[in-house]
>>> print(open('work_10.txt').read())   # compact mmCIF, C-alpha atoms
# COMPACT_ATOMS: atom_id res chain seq x y z
CA PRO A 1 -39.61 75.55 -34.28
CA GLY A 2 -39.23 72.99 -37.03
CA PRO A 3 -39.18 69.19 -37.02
CA HIS A 4 -37.04 67.61 -34.32
CA PRO A 5 -35.13 64.47 -35.35
CA ARG A 6 -36.19 61.33 -33.51
CA LEU A 7 -33.97 58.61 -32.09
CA PHE A 8 -36.22 55.92 -33.53
CA ALA A 9 -39.40 55.84 -35.59
CA ALA A 10 -41.81 53.42 -37.22
CA ALA A 11 -41.54 53.60 -40.99
CA PHE A 12 -44.43 55.35 -42.70
CA PRO A 13 -44.77 57.50 -45.83
CA GLY A 14 -44.25 61.22 -45.37
CA SER A 15 -42.30 61.23 -42.10
CA VAL A 16 -40.37 64.50 -41.76
CA SER A 17 -38.68 64.00 -38.38
CA ALA A 18 -36.60 60.94 -39.29
CA THR A 19 -33.00 61.67 -40.29
CA GLU A 20 -30.02 59.53 -41.30
CA ASP A 21 -29.33 59.08 -37.57
CA THR A 22 -32.87 57.86 -36.78
CA TRP A 23 -33.37 54.11 -36.40
CA VAL A 24 -36.38 53.56 -38.66
CA PHE A 25 -38.03 50.18 -38.13
CA ASP A 26 -40.71 48.27 -40.02
CA ALA A 27 -42.91 47.36 -37.06
CA PRO A 28 -45.95 48.93 -35.38
CA ASP A 29 -44.07 49.85 -32.20
CA VAL A 30 -40.56 50.04 -30.81
CA VAL A 31 -41.02 47.08 -28.42
CA THR A 32 -41.92 44.72 -31.26
CA ALA A 33 -39.11 46.16 -33.39
CA LEU A 34 -36.50 45.58 -30.70
CA ALA A 35 -37.76 42.05 -30.07
CA GLY A 36 -37.30 41.43 -33.78
CA ARG A 37 -33.67 42.50 -33.41
CA GLY A 38 -33.08 39.95 -30.66
CA TYR A 39 -33.73 42.11 -27.60
CA HIS A 40 -35.34 40.61 -24.52
CA THR A 41 -38.14 43.06 -23.69
CA VAL A 42 -39.26 43.68 -20.12
CA CYS A 43 -41.87 45.99 -18.62
CA VAL A 44 -41.94 46.79 -14.90
CA GLY A 45 -45.12 48.79 -14.34
CA GLY A 46 -46.04 51.18 -11.58
CA VAL A 47 -49.24 53.19 -11.97
CA GLY A 48 -52.67 51.60 -12.39
CA PHE A 49 -52.43 51.50 -16.19
CA PHE A 50 -50.07 48.53 -15.71
CA ASN A 51 -52.36 46.60 -13.35
CA PRO A 52 -53.34 43.47 -15.32
CA ALA A 53 -56.64 43.24 -13.44
CA SER A 54 -58.20 45.47 -16.10
CA PRO A 55 -58.15 45.05 -19.90
CA LEU A 56 -56.49 48.47 -20.22
CA GLY A 57 -53.72 47.39 -17.84
CA ARG A 58 -52.80 44.51 -20.14
CA VAL A 59 -52.40 46.47 -23.39
CA LEU A 60 -48.95 48.09 -23.13
CA PRO A 61 -47.47 45.31 -20.94
CA GLY A 62 -48.79 42.79 -23.49
CA LEU A 63 -46.21 44.00 -26.00
CA PHE A 64 -43.32 42.77 -23.85
CA ALA A 65 -41.85 39.28 -23.46
CA GLU A 66 -42.03 39.83 -19.69
CA ALA A 67 -44.37 42.17 -17.82
CA HIS A 68 -44.36 42.70 -14.06
CA TRP A 69 -46.78 44.56 -11.83
CA GLU A 70 -47.94 44.15 -8.25
CA PRO A 71 -49.47 46.48 -5.65
CA GLU A 72 -46.05 47.01 -4.05
CA PHE A 73 -45.00 48.76 -7.28
CA GLY A 74 -47.96 51.15 -7.19
CA VAL A 75 -48.56 54.77 -6.26
CA THR A 76 -49.74 54.12 -2.69
CA ALA A 77 -46.67 52.09 -1.66
CA PRO A 78 -43.98 54.36 -0.16
CA GLY A 79 -41.24 51.85 -1.05
CA CYS A 80 -42.52 51.25 -4.59
CA PHE A 81 -39.32 52.19 -6.43
CA GLU A 82 -37.17 49.96 -4.25
CA ALA A 83 -39.61 47.08 -4.85
CA GLN A 84 -39.42 47.70 -8.59
CA LEU A 85 -35.62 47.73 -8.47
CA ASP A 86 -35.62 44.43 -6.57
CA ARG A 87 -37.61 42.97 -9.46
CA VAL A 88 -35.31 44.55 -12.04
CA ASP A 89 -32.30 42.98 -10.31
CA ARG A 90 -33.94 39.54 -10.46
CA VAL A 91 -34.93 39.94 -14.12
CA VAL A 92 -31.53 41.23 -15.25
CA ALA A 93 -29.85 38.27 -13.56
CA THR A 94 -31.78 35.89 -15.84
CA VAL A 95 -30.87 37.57 -19.14
CA PRO A 96 -27.55 36.41 -20.65
CA ALA A 97 -25.04 39.27 -20.75
CA GLY A 98 -24.60 38.79 -24.49
CA ARG A 99 -28.29 39.36 -25.23
CA PRO A 100 -29.48 42.96 -25.55
CA LEU A 101 -32.17 44.01 -23.09
CA PHE A 102 -34.91 46.64 -23.42
CA LEU A 103 -36.32 47.60 -20.03
CA PHE A 104 -39.34 49.87 -19.67
CA LEU A 105 -39.71 50.99 -16.05
CA ASN A 106 -42.70 53.11 -15.03
CA VAL A 107 -41.69 54.84 -11.78
CA ALA A 108 -44.87 55.35 -9.75
CA ALA A 109 -43.34 57.21 -6.81
CA LEU A 110 -43.60 60.65 -8.44
CA HIS A 111 -47.28 60.23 -9.22
CA GLN A 112 -50.01 61.37 -6.86
CA PRO A 113 -50.43 60.55 -4.02
CA ASN A 114 -46.92 61.49 -2.91
CA ARG A 115 -47.68 63.04 0.49
CA HIS A 116 -46.45 59.88 2.22
CA TYR A 117 -42.88 60.99 1.44
CA LEU A 118 -43.39 63.82 3.96
CA PRO A 119 -44.74 62.26 7.20
CA GLY A 120 -47.53 64.32 8.70
CA THR A 121 -48.46 65.96 5.39
CA ALA A 122 -52.19 65.84 4.68
CA ASP A 123 -52.18 66.83 1.00
CA ASP A 124 -49.97 66.50 -2.04
CA ASP A 125 -48.09 69.65 -2.97
CA LEU A 126 -44.87 70.75 -4.63
CA THR A 127 -42.95 69.95 -1.43
CA SER A 128 -44.21 66.38 -1.27
CA HIS A 129 -43.57 66.01 -5.00
CA ALA A 130 -39.99 67.17 -4.42
CA ALA A 131 -39.67 64.66 -1.57
CA ALA A 132 -40.83 61.88 -3.91
CA LEU A 133 -38.26 62.99 -6.47
CA ALA A 134 -35.55 62.93 -3.78
CA TYR A 135 -36.64 59.37 -2.88
CA VAL A 136 -36.28 58.26 -6.52
CA ASP A 137 -32.96 60.07 -6.84
CA ARG A 138 -31.58 58.25 -3.79
CA HIS A 139 -32.20 54.88 -5.43
CA ILE A 140 -31.89 55.38 -9.20
CA GLY A 141 -28.18 54.53 -9.10
CA ARG A 142 -29.21 50.91 -8.46
CA LEU A 143 -31.00 50.89 -11.81
CA PHE A 144 -27.99 52.32 -13.61
CA ALA A 145 -25.71 49.80 -11.89
CA ALA A 146 -27.92 46.88 -12.94
CA MET A 147 -27.99 47.99 -16.55
CA THR A 148 -24.31 48.94 -16.92
CA GLY A 149 -23.24 45.79 -15.08
CA ARG A 150 -24.14 43.70 -18.14
CA GLY A 151 -20.97 44.66 -20.02
CA ARG A 152 -22.81 46.65 -22.69
CA PRO A 153 -23.45 50.36 -23.26
CA CYS A 154 -26.93 51.38 -22.11
CA LEU A 155 -29.08 54.07 -23.69
CA VAL A 156 -31.14 55.69 -20.93
CA VAL A 157 -34.21 57.74 -21.81
CA LEU A 158 -35.78 59.54 -18.83
CA CYS A 159 -39.15 61.15 -19.41
CA SER A 160 -42.65 61.59 -18.05
CA ASP A 161 -46.10 61.00 -19.49
CA HIS A 162 -47.49 64.18 -17.93
CA GLY A 163 -46.82 66.93 -15.41
CA THR A 164 -48.92 67.73 -12.34
CA ALA A 165 -50.61 70.94 -11.23
CA TYR A 166 -50.47 71.94 -7.58
CA GLY A 167 -52.79 74.94 -7.56
CA GLU A 168 -51.64 76.71 -10.73
CA ASP A 169 -54.59 78.76 -12.02
CA GLY A 170 -56.79 76.88 -9.55
CA HIS A 171 -55.98 73.45 -11.00
CA THR A 172 -54.87 70.33 -9.15
CA GLY A 173 -53.83 67.04 -10.74
CA HIS A 174 -53.26 66.30 -14.43
CA ARG A 175 -56.48 65.38 -16.25
CA PHE A 176 -56.84 68.71 -18.06
CA GLY A 177 -54.97 70.89 -20.52
CA HIS A 178 -52.52 73.21 -18.77
CA GLU A 179 -48.93 74.26 -19.36
CA VAL A 180 -47.68 72.47 -16.23
CA VAL A 181 -49.37 69.25 -17.36
CA TRP A 182 -48.04 69.51 -20.92
CA THR A 183 -44.49 70.35 -19.84
CA VAL A 184 -42.50 67.21 -19.01
CA PRO A 185 -38.83 66.43 -18.38
CA TYR A 186 -36.77 64.59 -20.98
CA ALA A 187 -33.16 63.44 -20.89
CA GLN A 188 -31.14 60.88 -22.78
CA VAL A 189 -27.65 59.60 -22.08
CA VAL A 190 -25.52 56.59 -22.97
CA LEU A 191 -23.99 54.93 -19.91
CA GLU A 192 -20.87 52.92 -20.59
CA PRO A 193 -20.34 49.47 -19.02
CA GLY A 194 -19.07 49.52 -15.47
CA THR A 195 -19.67 53.24 -14.92
CA TRP A 196 -21.94 52.55 -11.90
CA ASN A 197 -21.13 50.15 -9.08
CA ARG A 198 -23.53 47.90 -7.18
CA THR A 199 -23.95 50.47 -4.40
CA GLY A 200 -25.62 52.72 -6.96
CA THR A 201 -22.85 55.30 -7.24
CA PRO A 202 -20.76 56.31 -10.26
CA THR A 203 -17.34 54.71 -10.52
>>> encode(input="work_10.txt", output="structure tokens")
Amino acid sequence: PGPHPRLFAAAFPGSVSATEDTWVFDAPDVVTALAGRGYHTVCVGGVGFFNPASPLGRVLPGLFAEAHWEPEFGVTAPGCFEAQLDRVDRVVATVPAGRPLFLFLNVAALHQPNRHYLPGTADDDLTSHAAALAYVDRHIGRLFAAMTGRGRPCLVVLCSDHGTAYGEDGHTGHRFGHEVVWTVPYAQVVLEPGTWNRTGTPT
């Protein structure tokens, strides 16, 4: 219950969830605000909303100085997260270490379909979703290594845009109102420079 303080917020009259610890910016969105502070902004998309072939797929990526998407990053590619991390490595290598970097990475592997992470499985279910999560978990250390290898602290925000139903109350998917769709993970942590090595493990 009650207002929950935000890490950052666009300035507008009457805001009740901004505190003295909230970074309040005078811009329409956080990407534009960070660019105004000298950040290089990069989007590496995954799901179809980032496919620039449609007008919708160009909206969010259009806010960033660099936006990357290709079919190998998408939901039907079993190695999508590794392909995204390959791109992240190439992008990070081009940004001077002294320049702050804002990276938005949309991990498609957890999205449906995820049955390809369990060979022989015909349908998506909680087990295949867990297998997709295990796949991401095996490789996420590479992302942390790339970001902490720049000699700067890195604020990591891990979250999801929606949950997925696998039969709860007869529902499957996410395009409806249900507790399992509304309930999403959220975590934030500051990683210090050099706390992850290039093999993707903590030092």
>>> closest_atom_pairs(input="work_10.txt", of="segment 143-169 of chain A", to="segment 184-187 of chain A", cutoff="9 Å", atoms="only C-alpha atoms", output="CSV")
residue,atom,partner,partner_atom,distance
A:Val156,CA,A:Ala187,CA,8.0
A:Val157,CA,A:Ala187,CA,5.9
A:Leu158,CA,A:Ala187,CA,5.1
A:Cys159,CA,A:Tyr186,CA,4.5
A:Ser160,CA,A:Val184,CA,5.7
A:Asp161,CA,A:Val184,CA,7.2
A:His162,CA,A:Val184,CA,5.9
A:Gly163,CA,A:Val184,CA,5.6
>>> closest_residue(input="work_10.txt", among="A:Leu155, A:Ala145, A:Val42, A:Ile140", to="Val190 of chain A", atoms="all atoms listed in the file")
A:Leu155
>>> closest_residue(input="work_10.txt", among="A:Asn106, A:Val16, A:Ala83, A:Thr76", to="Gly46 of chain A", atoms="all atoms listed in the file")
A:Asn106
>>> atom_distance(input="work_10.txt", atom1="atom CA of Pro71 of chain A", atom2="atom CA of Phe50 of chain A")
10.3 Å
>>> closest_residue(input="work_10.txt", among="A:Arg6, A:Arg87, A:His68, A:Arg58", to="Ala146 of chain A", atoms="all atoms listed in the file")
A:Arg87
>>> residues_around(input="work_10.txt", residues="Tyr135 of chain A", least_positions_apart="5", cutoff="10 Å", atoms="all atoms listed in the file", output="ChimeraX atom specification")
/A:78-79,81-82,109-110,117,129-130,140
>>> write_last_selection(input="work_10.txt", atoms="C-alpha atoms", output="compact mmCIF listing (two decimals), in the coordinates of the input")
# COMPACT_ATOMS: atom_id res chain seq x y z
CA PRO A 78 -43.98 54.36 -0.16
CA GLY A 79 -41.24 51.85 -1.05
CA PHE A 81 -39.32 52.19 -6.43
CA GLU A 82 -37.17 49.96 -4.25
CA ALA A 109 -43.34 57.21 -6.81
CA LEU A 110 -43.60 60.65 -8.44
CA TYR A 117 -42.88 60.99 1.44
CA HIS A 129 -43.57 66.01 -5.00
CA ALA A 130 -39.99 67.17 -4.42
CA ILE A 140 -31.89 55.38 -9.20
>>> axis_aligned_box(input="work_10.txt", around="segment 168-179 of chain A", padding_each_side="4 Å", output="AutoDock Vina command-line options")
--center_x -52.9 --center_y 72.1 --center_z -14.8 --size_x 15.9 --size_y 21.4 --size_z 19.4
>>> closest_residue(input="work_10.txt", among="A:Glu192, A:Thr201, A:Glu70, A:Arg150", to="Arg138 of chain A", atoms="only C-alpha atoms")
A:Thr201
>>> residues_around(input="work_10.txt", residues="Val92 of chain A", least_positions_apart="2", cutoff="10 Å", atoms="only C-alpha atoms", output="MDAnalysis selection string")
chainID A and resid 42 87:90 94:97 101 103 146:147 149:150
>>> closest_atom_pairs(input="work_10.txt", of="segment 48-148 of chain A", to="segment 24-32 of chain A", cutoff="9 Å", atoms="all atoms listed in the file", output="tab-separated table")
residue	atom	partner	partner_atom	distance
A:Leu63	CA	A:Val31	CA	6.5
A:Phe64	CA	A:Val31	CA	6.7
A:Phe102	CA	A:Val31	CA	7.9
>>> atom_distance(input="work_10.txt", atom1="atom CA of Trp196 of chain A", atom2="atom CA of Ala35 of chain A")
26.3 Å
>>> residues_around(input="work_10.txt", residues="segment 164-176 of chain A", least_positions_apart="4", cutoff="10 Å", atoms="all atoms listed in the file", output="number ranges by chain")
A: 110-113, 124-127, 129, 180-184
>>> write_last_selection(input="work_10.txt", atoms="C-alpha atoms", output="PDB file, in the frame of the given file")
ATOM      1  CA  LEU A 110     -43.600  60.650  -8.440  1.00  0.00           C
ATOM      2  CA  HIS A 111     -47.280  60.230  -9.220  1.00  0.00           C
ATOM      3  CA  GLN A 112     -50.010  61.370  -6.860  1.00  0.00           C
ATOM      4  CA  PRO A 113     -50.430  60.550  -4.020  1.00  0.00           C
ATOM      5  CA  ASP A 124     -49.970  66.500  -2.040  1.00  0.00           C
ATOM      6  CA  ASP A 125     -48.090  69.650  -2.970  1.00  0.00           C
ATOM      7  CA  LEU A 126     -44.870  70.750  -4.630  1.00  0.00           C
ATOM      8  CA  THR A 127     -42.950  69.950  -1.430  1.00  0.00           C
ATOM      9  CA  HIS A 129     -43.570  66.010  -5.000  1.00  0.00           C
ATOM     10  CA  VAL A 180     -47.680  72.470 -16.230  1.00  0.00           C
ATOM     11  CA  VAL A 181     -49.370  69.250 -17.360  1.00  0.00           C
ATOM     12  CA  TRP A 182     -48.040  69.510 -20.920  1.00  0.00           C
ATOM     13  CA  THR A 183     -44.490  70.350 -19.840  1.00  0.00           C
ATOM     14  CA  VAL A 184     -42.500  67.210 -19.010  1.00  0.00           C
TER      15      VAL A 184
END
>>> closest_residue(input="work_10.txt", among="A:His178, A:His139, A:His40, A:Arg152", to="Leu191 of chain A", atoms="all atoms listed in the file")
A:Arg152
